[in-house]
$ cat entry-v9.pdb   # PDB, C-alpha atoms, pLDDT in the B column
ATOM      1  CA  ASP A 216      50.164  48.237 -28.941  1.00 85.00           C
ATOM      2  CA  ILE A 217      48.469  45.069 -30.107  1.00 89.00           C
ATOM      3  CA  GLN A 218      47.914  45.180 -33.855  1.00 91.00           C
ATOM      4  CA  MET A 219      45.065  43.485 -35.682  1.00 94.00           C
ATOM      5  CA  THR A 220      45.599  42.155 -39.189  1.00 96.00           C
ATOM      6  CA  GLN A 221      42.415  41.392 -41.066  1.00 97.00           C
ATOM      7  CA  SER A 222      42.238  39.449 -44.316  1.00 96.00           C
ATOM      8  CA  PRO A 223      41.324  39.568 -47.068  1.00 97.00           C
ATOM      9  CA  SER A 224      40.817  43.290 -47.644  1.00 97.00           C
ATOM     10  CA  THR A 225      38.325  42.548 -50.411  1.00 97.00           C
ATOM     11  CA  LEU A 226      36.339  39.418 -51.041  1.00 96.00           C
ATOM     12  CA  SER A 227      34.272  38.666 -54.128  1.00 97.00           C
ATOM     13  CA  ALA A 228      31.398  36.297 -53.456  1.00 97.00           C
ATOM     14  CA  SER A 229      27.960  35.309 -54.672  1.00 97.00           C
ATOM     15  CA  VAL A 230      24.664  34.785 -52.915  1.00 97.00           C
ATOM     16  CA  GLY A 231      24.713  31.400 -51.231  1.00 97.00           C
ATOM     17  CA  ASP A 232      28.493  31.284 -50.821  1.00 97.00           C
ATOM     18  CA  ARG A 233      30.175  30.446 -47.539  1.00 98.00           C
ATOM     19  CA  VAL A 234      32.358  33.407 -46.590  1.00 98.00           C
ATOM     20  CA  THR A 235      35.238  33.434 -44.115  1.00 98.00           C
ATOM     21  CA  ILE A 236      37.096  36.497 -42.825  1.00 98.00           C
ATOM     22  CA  THR A 237      40.154  36.222 -40.597  1.00 98.00           C
ATOM     23  CA  CYS A 238      41.572  38.544 -37.974  1.00 98.00           C
ATOM     24  CA  ARG A 239      44.988  37.942 -36.413  1.00 97.00           C
ATOM     25  CA  ALA A 240      46.321  39.722 -33.328  1.00 96.00           C
ATOM     26  CA  SER A 241      49.999  40.451 -32.749  1.00 95.00           C
ATOM     27  CA  GLN A 242      49.593  38.988 -29.244  1.00 95.00           C
ATOM     28  CA  SER A 243      46.849  37.218 -27.366  1.00 96.00           C
ATOM     29  CA  VAL A 244      43.591  39.058 -26.812  1.00 95.00           C
ATOM     30  CA  THR A 245      42.034  36.009 -25.109  1.00 95.00           C
ATOM     31  CA  ASN A 246      38.453  36.115 -26.427  1.00 95.00           C
ATOM     32  CA  TRP A 247      37.910  39.876 -26.207  1.00 96.00           C
ATOM     33  CA  LEU A 248      37.056  40.325 -29.859  1.00 97.00           C
ATOM     34  CA  ALA A 249      34.011  41.635 -31.710  1.00 97.00           C
ATOM     35  CA  TRP A 250      32.882  41.725 -35.321  1.00 98.00           C
ATOM     36  CA  TYR A 251      30.882  44.518 -36.942  1.00 98.00           C
ATOM     37  CA  GLN A 252      29.127  45.005 -40.244  1.00 98.00           C
ATOM     38  CA  GLN A 253      29.086  48.453 -41.825  1.00 98.00           C
ATOM     39  CA  LYS A 254      27.163  49.697 -44.820  1.00 98.00           C
ATOM     40  CA  PRO A 255      27.927  52.980 -46.621  1.00 96.00           C
ATOM     41  CA  GLY A 256      26.825  56.048 -44.703  1.00 95.00           C
ATOM     42  CA  LYS A 257      25.805  54.035 -41.647  1.00 97.00           C
ATOM     43  CA  ALA A 258      27.274  53.358 -38.231  1.00 98.00           C
ATOM     44  CA  PRO A 259      28.767  49.910 -37.653  1.00 98.00           C
ATOM     45  CA  LYS A 260      26.450  47.179 -36.427  1.00 98.00           C
ATOM     46  CA  LEU A 261      27.576  44.641 -33.839  1.00 98.00           C
ATOM     47  CA  LEU A 262      27.364  41.030 -35.036  1.00 98.00           C
ATOM     48  CA  ILE A 263      29.558  38.973 -32.697  1.00 98.00           C
ATOM     49  CA  TYR A 264      31.091  39.728 -29.289  1.00 97.00           C
ATOM     50  CA  ASP A 265      33.467  37.850 -27.020  1.00 96.00           C
ATOM     51  CA  ALA A 266      34.742  36.082 -30.159  1.00 97.00           C
ATOM     52  CA  SER A 267      31.792  33.731 -30.603  1.00 98.00           C
ATOM     53  CA  SER A 268      28.637  35.154 -28.993  1.00 97.00           C
ATOM     54  CA  LEU A 269      25.958  36.113 -31.493  1.00 98.00           C
ATOM     55  CA  GLU A 270      24.351  39.467 -30.725  1.00 96.00           C
ATOM     56  CA  SER A 271      20.596  39.317 -30.265  1.00 95.00           C
ATOM     57  CA  GLY A 272      18.684  39.737 -33.516  1.00 97.00           C
ATOM     58  CA  VAL A 273      21.639  38.889 -35.757  1.00 98.00           C
ATOM     59  CA  PRO A 274      20.878  36.062 -38.207  1.00 97.00           C
ATOM     60  CA  SER A 275      22.300  32.678 -37.280  1.00 97.00           C
ATOM     61  CA  ARG A 276      24.177  32.436 -40.593  1.00 98.00           C
ATOM     62  CA  PHE A 277      26.792  34.650 -38.898  1.00 98.00           C
ATOM     63  CA  SER A 278      29.209  32.922 -36.542  1.00 98.00           C
ATOM     64  CA  GLY A 279      32.496  33.714 -34.878  1.00 98.00           C
ATOM     65  CA  SER A 280      35.263  31.471 -33.657  1.00 98.00           C
ATOM     66  CA  GLY A 281      38.796  31.576 -32.339  1.00 97.00           C
ATOM     67  CA  SER A 282      40.721  32.664 -29.291  1.00 97.00           C
ATOM     68  CA  GLY A 283      44.140  33.999 -28.460  1.00 96.00           C
ATOM     69  CA  THR A 284      45.524  35.450 -31.670  1.00 97.00           C
ATOM     70  CA  GLU A 285      43.418  34.038 -34.491  1.00 98.00           C
ATOM     71  CA  PHE A 286      39.750  34.675 -35.084  1.00 98.00           C
ATOM     72  CA  THR A 287      37.264  33.974 -37.845  1.00 98.00           C
ATOM     73  CA  LEU A 288      33.937  35.421 -38.906  1.00 98.00           C
ATOM     74  CA  THR A 289      31.903  33.046 -41.056  1.00 98.00           C
ATOM     75  CA  ILE A 290      28.778  33.721 -43.060  1.00 98.00           C
ATOM     76  CA  SER A 291      27.370  30.291 -43.825  1.00 98.00           C
ATOM     77  CA  SER A 292      25.249  31.306 -46.819  1.00 97.00           C
ATOM     78  CA  LEU A 293      25.736  34.828 -48.096  1.00 98.00           C
ATOM     79  CA  GLN A 294      22.527  36.800 -48.531  1.00 98.00           C
ATOM     80  CA  PRO A 295      21.965  39.964 -50.619  1.00 97.00           C
ATOM     81  CA  ASP A 296      21.823  42.084 -47.439  1.00 97.00           C
ATOM     82  CA  ASP A 297      25.273  40.860 -46.383  1.00 98.00           C
ATOM     83  CA  PHE A 298      27.247  42.777 -49.018  1.00 98.00           C
ATOM     84  CA  ALA A 299      29.027  45.247 -46.750  1.00 98.00           C
ATOM     85  CA  THR A 300      32.332  45.910 -45.008  1.00 98.00           C
ATOM     86  CA  TYR A 301      33.249  43.910 -41.925  1.00 98.00           C
ATOM     87  CA  TYR A 302      35.612  44.896 -39.111  1.00 98.00           C
ATOM     88  CA  CYS A 303      37.112  43.043 -36.179  1.00 98.00           C
ATOM     89  CA  HIS A 304      37.727  44.928 -32.937  1.00 97.00           C
ATOM     90  CA  ARG A 305      39.779  43.879 -29.919  1.00 96.00           C
ATOM     91  CA  TYR A 306      38.925  45.263 -26.501  1.00 95.00           C
ATOM     92  CA  ASN A 307      41.150  43.333 -24.127  1.00 94.00           C
ATOM     93  CA  SER A 308      43.323  46.317 -23.220  1.00 92.00           C
ATOM     94  CA  TYR A 309      43.790  49.953 -24.168  1.00 93.00           C
ATOM     95  CA  PRO A 310      44.347  51.214 -26.767  1.00 93.00           C
ATOM     96  CA  TRP A 311      41.559  49.274 -28.446  1.00 94.00           C
ATOM     97  CA  THR A 312      42.124  48.609 -32.147  1.00 95.00           C
ATOM     98  CA  PHE A 313      40.128  47.664 -35.210  1.00 96.00           C
ATOM     99  CA  GLY A 314      41.120  45.529 -38.138  1.00 97.00           C
ATOM    100  CA  GLN A 315      41.532  47.248 -41.481  1.00 97.00           C
ATOM    101  CA  GLY A 316      38.201  45.953 -42.780  1.00 97.00           C
ATOM    102  CA  THR A 317      37.028  43.422 -45.362  1.00 98.00           C
ATOM    103  CA  LYS A 318      34.733  44.530 -48.128  1.00 98.00           C
ATOM    104  CA  VAL A 319      32.437  41.750 -49.339  1.00 98.00           C
ATOM    105  CA  GLU A 320      31.359  42.486 -52.880  1.00 97.00           C
TER     106      GLU A 320
ATOM    107  CA  GLN B 198      15.614  52.206 -25.462  1.00 94.00           C
ATOM    108  CA  VAL B 199      19.223  53.284 -25.610  1.00 96.00           C
ATOM    109  CA  HIS B 200      19.845  56.204 -27.948  1.00 98.00           C
ATOM    110  CA  LEU B 201      22.943  58.274 -28.707  1.00 98.00           C
ATOM    111  CA  GLU B 202      22.218  61.525 -30.529  1.00 98.00           C
ATOM    112  CA  GLN B 203      25.207  63.413 -31.911  1.00 98.00           C
ATOM    113  CA  SER B 204      25.591  67.054 -32.821  1.00 97.00           C
ATOM    114  CA  GLY B 205      25.549  68.242 -36.402  1.00 96.00           C
ATOM    115  CA  GLY B 206      28.288  68.395 -38.976  1.00 97.00           C
ATOM    116  CA  GLU B 207      31.057  70.963 -38.747  1.00 97.00           C
ATOM    117  CA  VAL B 208      33.360  72.700 -41.210  1.00 98.00           C
ATOM    118  CA  LYS B 209      36.592  73.997 -39.722  1.00 98.00           C
ATOM    119  CA  LYS B 210      39.765  75.623 -40.953  1.00 98.00           C
ATOM    120  CA  PRO B 211      43.182  74.093 -40.311  1.00 98.00           C
ATOM    121  CA  GLY B 212      44.448  74.978 -36.857  1.00 97.00           C
ATOM    122  CA  ALA B 213      40.957  75.376 -35.424  1.00 98.00           C
ATOM    123  CA  SER B 214      39.220  73.241 -32.804  1.00 98.00           C
ATOM    124  CA  VAL B 215      36.009  71.246 -32.981  1.00 98.00           C
ATOM    125  CA  LYS B 216      33.639  70.013 -30.292  1.00 98.00           C
ATOM    126  CA  VAL B 217      31.331  67.085 -30.987  1.00 98.00           C
ATOM    127  CA  SER B 218      28.538  66.216 -28.560  1.00 98.00           C
ATOM    128  CA  CYS B 219      26.767  62.935 -27.887  1.00 98.00           C
ATOM    129  CA  LYS B 220      23.564  62.981 -25.854  1.00 98.00           C
ATOM    130  CA  ALA B 221      22.701  59.657 -24.277  1.00 98.00           C
ATOM    131  CA  SER B 222      19.236  58.534 -23.266  1.00 97.00           C
ATOM    132  CA  GLY B 223      17.368  55.381 -22.309  1.00 97.00           C
ATOM    133  CA  TYR B 224      19.757  54.128 -19.630  1.00 96.00           C
ATOM    134  CA  THR B 225      21.656  55.217 -16.514  1.00 96.00           C
ATOM    135  CA  PHE B 226      24.386  57.381 -17.995  1.00 96.00           C
ATOM    136  CA  THR B 227      26.999  56.671 -15.324  1.00 95.00           C
ATOM    137  CA  THR B 228      26.801  52.896 -15.724  1.00 94.00           C
ATOM    138  CA  TYR B 229      28.598  52.577 -19.062  1.00 95.00           C
ATOM    139  CA  GLY B 230      31.628  54.200 -20.625  1.00 95.00           C
ATOM    140  CA  ILE B 231      31.435  56.187 -23.835  1.00 97.00           C
ATOM    141  CA  THR B 232      33.825  55.378 -26.660  1.00 97.00           C
ATOM    142  CA  TRP B 233      34.791  57.662 -29.537  1.00 98.00           C
ATOM    143  CA  VAL B 234      35.667  56.214 -32.936  1.00 98.00           C
ATOM    144  CA  ARG B 235      36.363  58.049 -36.177  1.00 98.00           C
ATOM    145  CA  GLN B 236      36.376  57.090 -39.837  1.00 98.00           C
ATOM    146  CA  ALA B 237      38.136  59.124 -42.520  1.00 98.00           C
ATOM    147  CA  PRO B 238      36.603  59.105 -46.013  1.00 96.00           C
ATOM    148  CA  THR B 239      36.908  55.639 -47.609  1.00 93.00           C
ATOM    149  CA  GLN B 240      39.001  54.473 -44.628  1.00 97.00           C
ATOM    150  CA  GLY B 241      38.509  52.076 -41.738  1.00 97.00           C
ATOM    151  CA  LEU B 242      37.487  52.600 -38.146  1.00 98.00           C
ATOM    152  CA  GLU B 243      39.922  54.252 -35.739  1.00 97.00           C
ATOM    153  CA  TRP B 244      39.536  54.062 -31.958  1.00 97.00           C
ATOM    154  CA  MET B 245      40.176  57.425 -30.313  1.00 97.00           C
ATOM    155  CA  ALA B 246      39.149  57.401 -26.674  1.00 97.00           C
ATOM    156  CA  TRP B 247      37.055  55.998 -23.875  1.00 96.00           C
ATOM    157  CA  ILE B 248      35.640  57.840 -20.871  1.00 96.00           C
ATOM    158  CA  SER B 249      33.797  56.742 -17.766  1.00 95.00           C
ATOM    159  CA  PRO B 250      30.910  59.081 -16.950  1.00 95.00           C
ATOM    160  CA  TYR B 251      30.988  57.616 -13.432  1.00 94.00           C
ATOM    161  CA  ASN B 252      34.388  58.979 -12.427  1.00 94.00           C
ATOM    162  CA  GLY B 253      35.723  60.817 -15.481  1.00 94.00           C
ATOM    163  CA  HIS B 254      38.540  58.332 -16.035  1.00 95.00           C
ATOM    164  CA  THR B 255      39.790  58.361 -19.602  1.00 96.00           C
ATOM    165  CA  ASN B 256      41.899  56.335 -22.012  1.00 95.00           C
ATOM    166  CA  LEU B 257      43.144  58.117 -25.127  1.00 96.00           C
ATOM    167  CA  ALA B 258      44.893  56.831 -28.229  1.00 96.00           C
ATOM    168  CA  GLN B 259      48.527  57.903 -28.115  1.00 95.00           C
ATOM    169  CA  LYS B 260      48.380  59.678 -31.486  1.00 95.00           C
ATOM    170  CA  PHE B 261      45.854  62.191 -30.117  1.00 94.00           C
ATOM    171  CA  GLN B 262      47.594  62.898 -26.820  1.00 86.00           C
ATOM    172  CA  GLY B 263      47.909  66.615 -26.277  1.00 92.00           C
ATOM    173  CA  ARG B 264      45.154  67.749 -28.622  1.00 97.00           C
ATOM    174  CA  LEU B 265      42.184  65.582 -27.661  1.00 98.00           C
ATOM    175  CA  THR B 266      39.951  66.014 -24.637  1.00 98.00           C
ATOM    176  CA  VAL B 267      36.911  63.914 -23.858  1.00 98.00           C
ATOM    177  CA  THR B 268      34.492  64.842 -21.101  1.00 97.00           C
ATOM    178  CA  THR B 269      31.043  64.008 -19.849  1.00 97.00           C
ATOM    179  CA  ASP B 270      28.316  66.097 -18.224  1.00 97.00           C
ATOM    180  CA  THR B 271      26.168  63.882 -16.023  1.00 97.00           C
ATOM    181  CA  SER B 272      23.580  66.627 -15.520  1.00 97.00           C
ATOM    182  CA  THR B 273      22.753  66.556 -19.229  1.00 98.00           C
ATOM    183  CA  THR B 274      23.859  62.947 -19.920  1.00 98.00           C
ATOM    184  CA  THR B 275      26.086  64.243 -22.680  1.00 98.00           C
ATOM    185  CA  ALA B 276      29.588  63.275 -23.734  1.00 98.00           C
ATOM    186  CA  HIS B 277      31.864  65.693 -25.517  1.00 98.00           C
ATOM    187  CA  LEU B 278      34.878  65.307 -27.768  1.00 98.00           C
ATOM    188  CA  ASP B 279      37.159  68.294 -28.218  1.00 98.00           C
ATOM    189  CA  LEU B 280      39.869  68.042 -30.874  1.00 98.00           C
ATOM    190  CA  ARG B 281      42.319  70.913 -31.313  1.00 98.00           C
ATOM    191  CA  ASN B 282      44.817  72.055 -33.929  1.00 97.00           C
ATOM    192  CA  LEU B 283      42.899  70.399 -36.746  1.00 98.00           C
ATOM    193  CA  THR B 284      44.491  69.361 -40.019  1.00 97.00           C
ATOM    194  CA  SER B 285      42.989  67.943 -43.209  1.00 97.00           C
ATOM    195  CA  ASP B 286      43.826  64.472 -41.847  1.00 97.00           C
ATOM    196  CA  ASP B 287      41.158  65.025 -39.183  1.00 98.00           C
ATOM    197  CA  THR B 288      38.412  65.152 -41.813  1.00 98.00           C
ATOM    198  CA  ALA B 289      36.256  62.207 -40.808  1.00 98.00           C
ATOM    199  CA  VAL B 290      32.969  60.996 -39.423  1.00 98.00           C
ATOM    200  CA  TYR B 291      33.183  60.896 -35.635  1.00 98.00           C
ATOM    201  CA  TYR B 292      31.066  58.353 -33.765  1.00 98.00           C
ATOM    202  CA  CYS B 293      30.247  57.962 -30.114  1.00 98.00           C
ATOM    203  CA  ALA B 294      29.350  54.469 -28.964  1.00 98.00           C
ATOM    204  CA  ARG B 295      28.427  52.518 -25.841  1.00 97.00           C
ATOM    205  CA  ALA B 296      29.209  48.981 -24.820  1.00 90.00           C
ATOM    206  CA  GLY B 297      26.518  46.350 -24.721  1.00 82.00           C
ATOM    207  CA  GLY B 298      27.505  44.932 -21.368  1.00 78.00           C
ATOM    208  CA  TYR B 299      30.493  44.377 -19.146  1.00 77.00           C
ATOM    209  CA  GLY B 300      32.868  44.096 -22.064  1.00 79.00           C
ATOM    210  CA  GLY B 301      34.124  46.653 -24.559  1.00 89.00           C
ATOM    211  CA  TYR B 302      32.118  45.525 -27.549  1.00 95.00           C
ATOM    212  CA  LEU B 303      30.152  48.451 -28.981  1.00 97.00           C
ATOM    213  CA  LEU B 304      26.458  47.720 -29.284  1.00 96.00           C
ATOM    214  CA  TYR B 305      25.005  51.210 -29.413  1.00 97.00           C
ATOM    215  CA  TRP B 306      26.268  53.863 -31.825  1.00 98.00           C
ATOM    216  CA  GLY B 307      25.457  57.474 -32.524  1.00 98.00           C
ATOM    217  CA  GLN B 308      24.564  58.473 -36.054  1.00 98.00           C
ATOM    218  CA  GLY B 309      27.980  60.022 -36.648  1.00 98.00           C
ATOM    219  CA  THR B 310      29.141  63.618 -37.056  1.00 98.00           C
ATOM    220  CA  LEU B 311      31.028  64.677 -40.190  1.00 98.00           C
ATOM    221  CA  VAL B 312      33.869  67.061 -39.443  1.00 98.00           C
ATOM    222  CA  THR B 313      35.413  68.633 -42.516  1.00 98.00           C
ATOM    223  CA  VAL B 314      38.721  70.483 -42.221  1.00 98.00           C
ATOM    224  CA  SER B 315      39.409  72.691 -45.192  1.00 97.00           C
ATOM    225  CA  SER B 316      41.002  76.033 -45.870  1.00 95.00           C
TER     226      SER B 316
END

$ encode --input "entry-v9.pdb" --output "structure tokens"
Amino acid sequence: DIQMTQSPSTLSASVGDRVTITCRASQSVTNWLAWYQQKPGKAPKLLIYDASSLESGVPSRFSGSGSGTEFTLTISSLQPDDFATYYCHRYNSYPWTFGQGTKVE
Amino acid sequence: QVHLEQSGGEVKKPGASVKVSCKASGYTFTTYGITWVRQAPTQGLEWMAWISPYNGHTNLAQKFQGRLTVTTDTSTTTAHLDLRNLTSDDTAVYYCARAGGYGGYLLYWGQGTLVTVSS
């Protein structure tokens, strides 16, 4: 199975900071990668799909980049509503897998 | 609009089975697969299974082979997850989800169903 390694597991940041989260795959997933935001007690929310496509309605401060085995989620200027946990998710082949998550606090 | 409504929370004893339902509305049920994802307390997301309501084809995570069944009922536009021989490690919130388009990214999510396994 293709494993996803997400880093860091926890990130301390302040409002206005530029935040970068990385997800590495054990083999190429081409660009079949998504990013989600999850807040406590809520279902995940899709932010980015196909590695770099911004889901409709998601603020433009969120962006995704990368292909193959290395991917990045960037928040250009962290806002109070962005304190949450973020997950990457590869869907190039079964079994799909998620990264371990990054808590932004 | 697309909506996935899940069944209510369950409390089960070790060794029992649980069935979680996910009623879909707002789109043609057979057009998109349904994915099941779970999340243990304070843990990350874990992909469990995918099923096509169109032809019943499934993909299951290896760790659940033999005790997990996923099905769909097109007459009621409902997907079902059936997990058997429960242990405390199966205590989690179970989510159903649907892709946003041709790919596997999960745009629409149910509200989650908490399954608690305790003696």

$ closest_residue --input "entry-v9.pdb" --among "B:Gln308, B:Thr273, B:Ala258, B:Gln240" --to "Thr300 (chain A)" --atoms "all atoms listed in the file"
B:Gln240

$ resolve_selection --input "entry-v9.pdb" --expression "the PyMOL selection byres ((chain B and resi 260) around 12)" --output "PyMOL selection string"
(chain A and resi 216+310) or (chain B and resi 243-246+256-259+261-265+280+287)

$ interface_residues --input "entry-v9.pdb" --of "chain B" --to "chain A" --cutoff "12 Å" --atoms "only C-alpha atoms" --output "VMD selection string"
chain B and resid 201 232 to 248 255 to 261 289 to 311

$ residues_around --input "entry-v9.pdb" --residues "Thr245 (chain A)" --least-positions-apart "3" --cutoff "8 Å" --atoms "only C-alpha atoms" --output "VMD selection string"
chain A and resid 282 to 284 307

$ write_last_selection --input "entry-v9.pdb" --atoms "C-alpha atoms" --output "mmCIF file, in the coordinates of the input"
data_model
loop_
_atom_site.group_PDB
_atom_site.id
_atom_site.type_symbol
_atom_site.label_atom_id
_atom_site.label_comp_id
_atom_site.auth_asym_id
_atom_site.auth_seq_id
_atom_site.Cartn_x
_atom_site.Cartn_y
_atom_site.Cartn_z
ATOM 1 C CA SER A 282 40.721 32.664 -29.291
ATOM 2 C CA GLY A 283 44.140 33.999 -28.460
ATOM 3 C CA THR A 284 45.524 35.450 -31.670
ATOM 4 C CA ASN A 307 41.150 43.333 -24.127
#

$ resolve_selection --input "entry-v9.pdb" --expression "the PyMOL selection byres ((chain A and resi 223) around 8)" --output "PDB file with C-alpha atoms, in the coordinates of the input"
ATOM      1  CA  GLN A 221      42.415  41.392 -41.066  1.00 97.00           C
ATOM      2  CA  SER A 222      42.238  39.449 -44.316  1.00 96.00           C
ATOM      3  CA  SER A 224      40.817  43.290 -47.644  1.00 97.00           C
ATOM      4  CA  THR A 225      38.325  42.548 -50.411  1.00 97.00           C
ATOM      5  CA  LEU A 226      36.339  39.418 -51.041  1.00 96.00           C
ATOM      6  CA  ILE A 236      37.096  36.497 -42.825  1.00 98.00           C
ATOM      7  CA  THR A 237      40.154  36.222 -40.597  1.00 98.00           C
ATOM      8  CA  THR A 317      37.028  43.422 -45.362  1.00 98.00           C
TER       9      THR A 317
END

$ residues_near_point --input "entry-v9.pdb" --point "(29.2, 58.8, -12.6)" --cutoff "8 Å" --atoms "all atoms listed in the file" --output "JSON, numbers by chain"
{"B": [226, 227, 228, 249, 250, 251, 252, 253, 271]}

$ residues_around --input "entry-v9.pdb" --residues "Cys219 (chain B)" --least-positions-apart "3" --cutoff "6 Å" --atoms "only C-alpha atoms" --output "PyMOL selection string"
chain B and resi 202-203+275-276

$ residues_around --input "entry-v9.pdb" --residues "Val267 (chain B)" --least-positions-apart "6" --cutoff "7 Å" --atoms "only C-alpha atoms" --output "ChimeraX atom specification"
/B:248,277-279

$ atom_distance --input "entry-v9.pdb" --atom1 "CA of Thr266 (chain B)" --atom2 "CA of Gly223 (chain B)"
25.1 Å

$ atom_distance --input "entry-v9.pdb" --atom1 "CA of Gly206 (chain B)" --atom2 "CA of Glu320 (chain A)"
29.6 Å

$ atom_distance --input "entry-v9.pdb" --atom1 "CA of Ser275 (chain A)" --atom2 "CA of Ser227 (chain A)"
21.5 Å

$ resolve_selection --input "entry-v9.pdb" --expression "the PyMOL selection byres ((chain B and resi 285) around 12)" --output "count of residues only"
20

$ residues_around --input "entry-v9.pdb" --residues "Ser267 (chain A)" --least-positions-apart "5" --cutoff "9 Å" --atoms "all atoms listed in the file" --output "list in words"
Asn246, Leu248, Ala249, Ser278, Gly279, Ser280, Gly281 and Leu288 of chain A

$ closest_residue --input "entry-v9.pdb" --among "B:Ser218, B:Thr269, B:Thr225, B:Thr274" --to "Gly205 (chain B)" --atoms "all atoms listed in the file"
B:Ser218

$ build_atoms --input "entry-v9.pdb" --residues "region 272-292 of chain B" --atoms "N, CA and C atoms" --output "CSV table (one decimal), keeping the file's coordinate frame"
chain,number,residue,atom,x,y,z
B,272,SER,N,24.9,65.9,-15.7
B,272,SER,CA,23.6,66.6,-15.5
B,272,SER,C,22.8,66.6,-16.8
B,273,THR,N,23.4,66.6,-17.9
B,273,THR,CA,22.8,66.6,-19.2
B,273,THR,C,22.9,65.2,-20.0
B,274,THR,N,23.5,64.3,-19.3
B,274,THR,CA,23.9,62.9,-19.9
B,274,THR,C,24.5,63.1,-21.3
B,275,THR,N,25.4,64.0,-21.4
B,275,THR,CA,26.1,64.2,-22.7
B,275,THR,C,27.6,64.0,-22.6
B,276,ALA,N,28.1,63.4,-23.6
B,276,ALA,CA,29.6,63.3,-23.7
B,276,ALA,C,30.1,64.2,-24.8
B,277,HIS,N,31.3,64.7,-24.6
B,277,HIS,CA,31.9,65.7,-25.5
B,277,HIS,C,33.2,65.3,-26.0
B,278,LEU,N,33.5,65.5,-27.2
B,278,LEU,CA,34.9,65.3,-27.8
B,278,LEU,C,35.4,66.7,-28.3
B,279,ASP,N,36.6,67.0,-27.8
B,279,ASP,CA,37.2,68.3,-28.2
B,279,ASP,C,38.5,68.0,-28.9
B,280,LEU,N,38.6,68.3,-30.1
B,280,LEU,CA,39.9,68.0,-30.9
B,280,LEU,C,40.4,69.4,-31.4
B,281,ARG,N,41.7,69.6,-31.0
B,281,ARG,CA,42.3,70.9,-31.3
B,281,ARG,C,43.4,70.8,-32.4
B,282,ASN,N,43.8,72.0,-32.9
B,282,ASN,CA,44.8,72.1,-33.9
B,282,ASN,C,44.5,71.1,-35.1
B,283,LEU,N,43.4,71.3,-35.7
B,283,LEU,CA,42.9,70.4,-36.7
B,283,LEU,C,43.7,70.5,-38.0
B,284,THR,N,43.9,69.4,-38.7
B,284,THR,CA,44.5,69.4,-40.0
B,284,THR,C,43.5,68.6,-41.0
B,285,SER,N,43.9,68.6,-42.2
B,285,SER,CA,43.0,67.9,-43.2
B,285,SER,C,42.9,66.4,-42.9
B,286,ASP,N,43.9,65.9,-42.2
B,286,ASP,CA,43.8,64.5,-41.8
B,286,ASP,C,42.8,64.2,-40.8
B,287,ASP,N,42.2,65.2,-40.2
B,287,ASP,CA,41.2,65.0,-39.2
B,287,ASP,C,39.8,65.0,-39.8
B,288,THR,N,39.7,65.3,-41.1
B,288,THR,CA,38.4,65.2,-41.8
B,288,THR,C,37.9,63.7,-41.7
B,289,ALA,N,36.8,63.6,-41.1
B,289,ALA,CA,36.3,62.2,-40.8
B,289,ALA,C,34.8,62.3,-40.2
B,290,VAL,N,34.2,61.1,-40.2
B,290,VAL,CA,33.0,61.0,-39.4
B,290,VAL,C,33.4,60.5,-38.0
B,291,TYR,N,32.9,61.2,-37.0
B,291,TYR,CA,33.2,60.9,-35.6
B,291,TYR,C,31.9,60.2,-35.0
B,292,TYR,N,32.2,59.1,-34.4
B,292,TYR,CA,31.1,58.4,-33.8
B,292,TYR,C,31.3,58.3,-32.3
